[in-house]
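Beneath this line is the structure, given in structure tokens, with notes to follow.
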2 protein chains.
Amino acid sequence: MSKRFPDRPSGPLKMRDIATLAGVSTATVSRVLHNSPLVDPKTAEAIQRIIKKANYIPNNTGKALKSGHSGIFGLMVPDLGNPFFADFVQHFEQRVVDRDQEMLLAISNHRPDLMLRSTRRMLMRGVDGIVILESEIETESYETVLHNQVPLVTMNRLVVEPGVSDVAIDVLSGQKKAISYLKKAGHRHIVFLSGIAGQKITEARNQSFLQAMKSMHLACRRESIVYSNFTVEGGFHAMETLLHQKVPVSAVLCANDLSAIGAHSALRSHGLTPGRDISIIGLDDIPLDTMISPPLSTLSIARDHLARLCYDALARLLLKPNHPGEQLFLGVDLVLRESTGPCRERVTPVPSRGKVRS
Amino acid sequence: MSKRFPDRPSGPLKMRDIATLAGVSTATVSRVLHNSPLVDPKTAEAIQRIIKKANYIPNNTGKALKSGHSGIFGLMVPDLGNPFFADFVQHFEQRVVDRDQEMLLAISNHRPDLMLRSTRRMLMRGVDGIVILESEIETESYETVLHNQVPLVTMNRLVVEPGVSDVAIDVLSGQKKAISYLKKAGHRHIVFLSGIAGQKITEARNQSFLQAMKSMHLACRRESIVYSNFTVEGGFHAMETLLHQKVPVSAVLCANDLSAIGAHSALRSHGLTPGRDISIIGLDDIPLDTMISPPLSTLSIARDHLARLCYDALARLLLKPNHPGEQLFLGVDLVLRESTGPCRERVTPVPSRGKVRS
DNA sequence: GTGAAAGCGCTAACAA
DNA sequence: TTGTTAGCGCTTTCAC
């Protein structure tokens, strides 16, 4: 690609150069590069040798222009600071490079303007498909993608259209697992430390939380759901508020591990011990969970599996031109560590008699 | 790029389509897209409107083929699980997209074979330049790059050649800051929890540690340097070994924060308190540092600055065809938190008199 | 101020 | 079995 040395004889070698060196046409070289059986083994071997010796690296730009496929996939994640996404990126990259394709990475930071720009840039580069790990997608950016007929895989949007598949975490069943465990451990006052207020996904998860509670015959009040922003700081503040307001709470289910760790930290800073005084359950299962004390119980999401699901869904869209799109789900596993334990209900003991509103 | 809908009228719009719609030639459309002053403002405006309405997105592949510049930069990092690299990637990406360029990310996992393959793939995609955050680069992969005349920026290699610049952390001055502080705090038995045995960078850092100790008039013995692998587990095991062998140690300087956190954890699991019984100083300054208890003192590396240094060095190589390459350094700051404190020398108290070998 | 045309590196009919 | 050739989408002289 580089033309940095216009004074030099040539710059990087082109197929033409190899062809000339070998005394054949570019077509033959191209065939050799694709292991076409149509070429004389002797010629092929000779050309292979020349390619090797000259250290020729084919220029994919030409190929992409011709074929209409770049072999590049766009991946957009909100934030690499969250180990969950960092890990996903690693798994996705591995899958992509195993197939000699590439990954164009964009960080969206939950910002619609960045999402739009990144989407546009990806389309300009001629990506073959896009995976967006954002559930709140602005219609505008989204339609730009659709309009350009590039297959898209989203996460947790629970919307499917032709050319657009979605992979969602099966949060409801996860919440049921967690709440079922907590109930058996004697917990009644369970709070959901949710995501960002106003987002569709947050609302959906609140609903599934309420549904899960209901299915376990546990009551909820308005204070049973508090909002945060998926960060440690956010979880810390949410928990602090909860404690200051003396909301009855013996267990907290969190929207993700980072906010759970924030809540964990808030508890400790109040002299409370997670798992003894108040139980905490996160969602994701990041390495950090086992590095804090006591280690965090969580609903584990298998990132390798998730990355595979996304990649394969994209591959399927790619394969079938008018694919209707599909909705996939990934289950989660309850991983019990030490931030959970039997209920002690220290904060506001359940009165022995009288009206308990919850 | 996509030819997924061969049955459809066309697929994504090309410049030709816009030209036809506007009743002009592709040359004019191209000029408009580049804000050329040579085009009639009225025509320009009309074309702009059409582009907007049709939601036309130029195909960069054609442009790249023509110009010889893809506007794509390759970034290779060893491991996104390390927050240091994840953070670097975020800063680098931001810098790249601010200039409407792209970032092709590859994870090398310290594996020479992956590094080589990734380098090849990047060259095939016609990247304009490459940044490799690996200090141990196999000659083979490296020469492939050089041979193809793509500018390269490496990290901590301390080797510079035409077309190849290096950005290095000024570890020596950092170690001096740390050791100076520790000495003032009364520490004499300072151990360096180093990197992977056998690597060039490890050897270099060992040497600078010895030099720093010497400059502070502190003695070293063979046990003053132990090896690890930059991970939490590695740091844990190294510290365990140190404790089991009853090596006299009152302070530990670590090769990075992750291994420091491992050492921290090992201390705690032995009932020792970092900062009180043994002091620990890391290197990097990752968010995790403040999430453990007691929080980790460290030598802070500014990732935003580092990313800028790398990007700008690459830009400079790109600008000047026969650039000789440059060696840059980034300083570190000692950040004191609670994993450091006055010496107590509990493990092996200094004898009041007699020969002290260290 | 605008258009025609060549060509970037590669592939794949089609010819030979 | 191999070569010739026509483009893929875009830029950019050069001519009008």
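Simple scheme: letters A, B, ... for chains in structure tokens order, numbers from 1 for residues in each chain, numbers from 1 for ligands in the order shown.
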
Excluding His187 in chain B and its own-chain neighbours fewer than 4 positions away, which residues fall within 7 Å of it when counting only C-alpha atoms (C1' of nucleotides)? Please give them as a PDB file with C-alpha atoms, in the first residue's frame.
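The new file out.pdb reads:
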ATOM      1  CA  LEU B 182      11.434   3.362  50.409  1.00  0.00           C
ATOM      2  CA  LYS B 183      14.901   4.137  51.710  1.00  0.00           C
ATOM      3  CA  SER B 250      10.615  -5.372  53.751  1.00  0.00           C
ATOM      4  CA  ALA B 251       9.550  -3.882  50.444  1.00  0.00           C
ATOM      5  CA  CYS B 343       9.781  -0.168  57.537  1.00  0.00           C
TER       6      CYS B 343
END

What residues in chain A have any atom no more than 10 Å from chain C when counting only C-alpha atoms (C1' of nucleotides), and can you write them as a PyMOL selection string?
chain A and resi 1+14-16+26-27+30-31+58-67

I need the chain D residues near chain B as a ChimeraX atom specification; criterion: at most 9 Å, counting only C-alpha atoms (C1' of nucleotides).
/D:8-12

Separating CA of Pro78 in chain B from CA of Gly234 in chain B, to the nearest tenth of an Å, is a gap of 16.3 Å

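With distances restricted to only C-alpha atoms, A:Ala263 is the closest residue to chain B from A:Ile137, A:Ile301, A:Ala263, A:Val332.
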
DSSP on the backbone, then: every residue of range 63-298 of chain A marked helix (DSSP H, G or I), written as a ChimeraX atom specification.
/A:63-67,83-98,112-124,139-147,171-184,200-215,222-224,232-244,257-269,287-290

Extract the full set of strand (DSSP E) residues from range 190-269 of chain B according to DSSP on the backbone, and format it as an mmCIF file with N, CA and C atoms, in the first residue's frame.
data_model
loop_
_atom_site.group_PDB
_atom_site.id
_atom_site.type_symbol
_atom_site.label_atom_id
_atom_site.label_comp_id
_atom_site.auth_asym_id
_atom_site.auth_seq_id
_atom_site.Cartn_x
_atom_site.Cartn_y
_atom_site.Cartn_z
ATOM 1 N N ILE B 190 15.009 -4.518 49.846
ATOM 2 C CA ILE B 190 14.054 -4.280 48.761
ATOM 3 C C ILE B 190 14.218 -5.337 47.675
ATOM 4 N N VAL B 191 13.115 -5.959 47.328
ATOM 5 C CA VAL B 191 13.149 -7.007 46.309
ATOM 6 C C VAL B 191 12.455 -6.508 45.047
ATOM 7 N N PHE B 192 12.990 -6.874 43.901
ATOM 8 C CA PHE B 192 12.359 -6.534 42.632
ATOM 9 C C PHE B 192 11.628 -7.761 42.090
ATOM 10 N N LEU B 193 10.308 -7.655 42.044
ATOM 11 C CA LEU B 193 9.505 -8.731 41.477
ATOM 12 C C LEU B 193 9.428 -8.450 39.984
ATOM 13 N N ILE B 225 16.186 -10.248 43.263
ATOM 14 C CA ILE B 225 15.381 -10.226 42.043
ATOM 15 C C ILE B 225 14.685 -11.568 41.871
ATOM 16 N N VAL B 226 13.365 -11.530 41.782
ATOM 17 C CA VAL B 226 12.615 -12.758 41.515
ATOM 18 C C VAL B 226 11.793 -12.544 40.256
ATOM 19 N N ALA B 251 10.288 -4.602 51.482
ATOM 20 C CA ALA B 251 9.550 -3.882 50.444
ATOM 21 C C ALA B 251 9.742 -4.588 49.107
ATOM 22 N N VAL B 252 8.686 -4.540 48.289
ATOM 23 C CA VAL B 252 8.745 -5.196 46.981
ATOM 24 C C VAL B 252 8.350 -4.208 45.895
ATOM 25 N N LEU B 253 9.212 -4.129 44.907
ATOM 26 C CA LEU B 253 8.943 -3.303 43.736
ATOM 27 C C LEU B 253 8.524 -4.271 42.633
ATOM 28 N N CYS B 254 7.416 -3.977 41.955
ATOM 29 C CA CYS B 254 6.920 -4.965 40.996
ATOM 30 C C CYS B 254 6.992 -4.492 39.546
#

Could you check the closest approach to chain A for each of B:Ala22, B:Leu133, B:Val29, B:Val232 and tell me which residue wins, using only C-alpha atoms?
B:Val232

Write out as a list of chain:residue names the residues lying within 9 Å of Ser297 in chain B, counting only C-alpha atoms (C1' of nucleotides) and excluding same-chain residues fewer than 5 positions away.
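Result of the neighbour search: B:Gly275, B:Ser279, B:Ile280, B:Ile281, B:Gly282, B:Leu283, B:Asp285, B:Asp289, B:Thr290, B:Leu334, B:Val335, B:Leu336, B:Arg337, B:Glu338, B:Ser339, B:Thr340.
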
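Coordinates place CA of Leu299 in chain A at a distance of 27.1 Å from CA of His244 in chain A.
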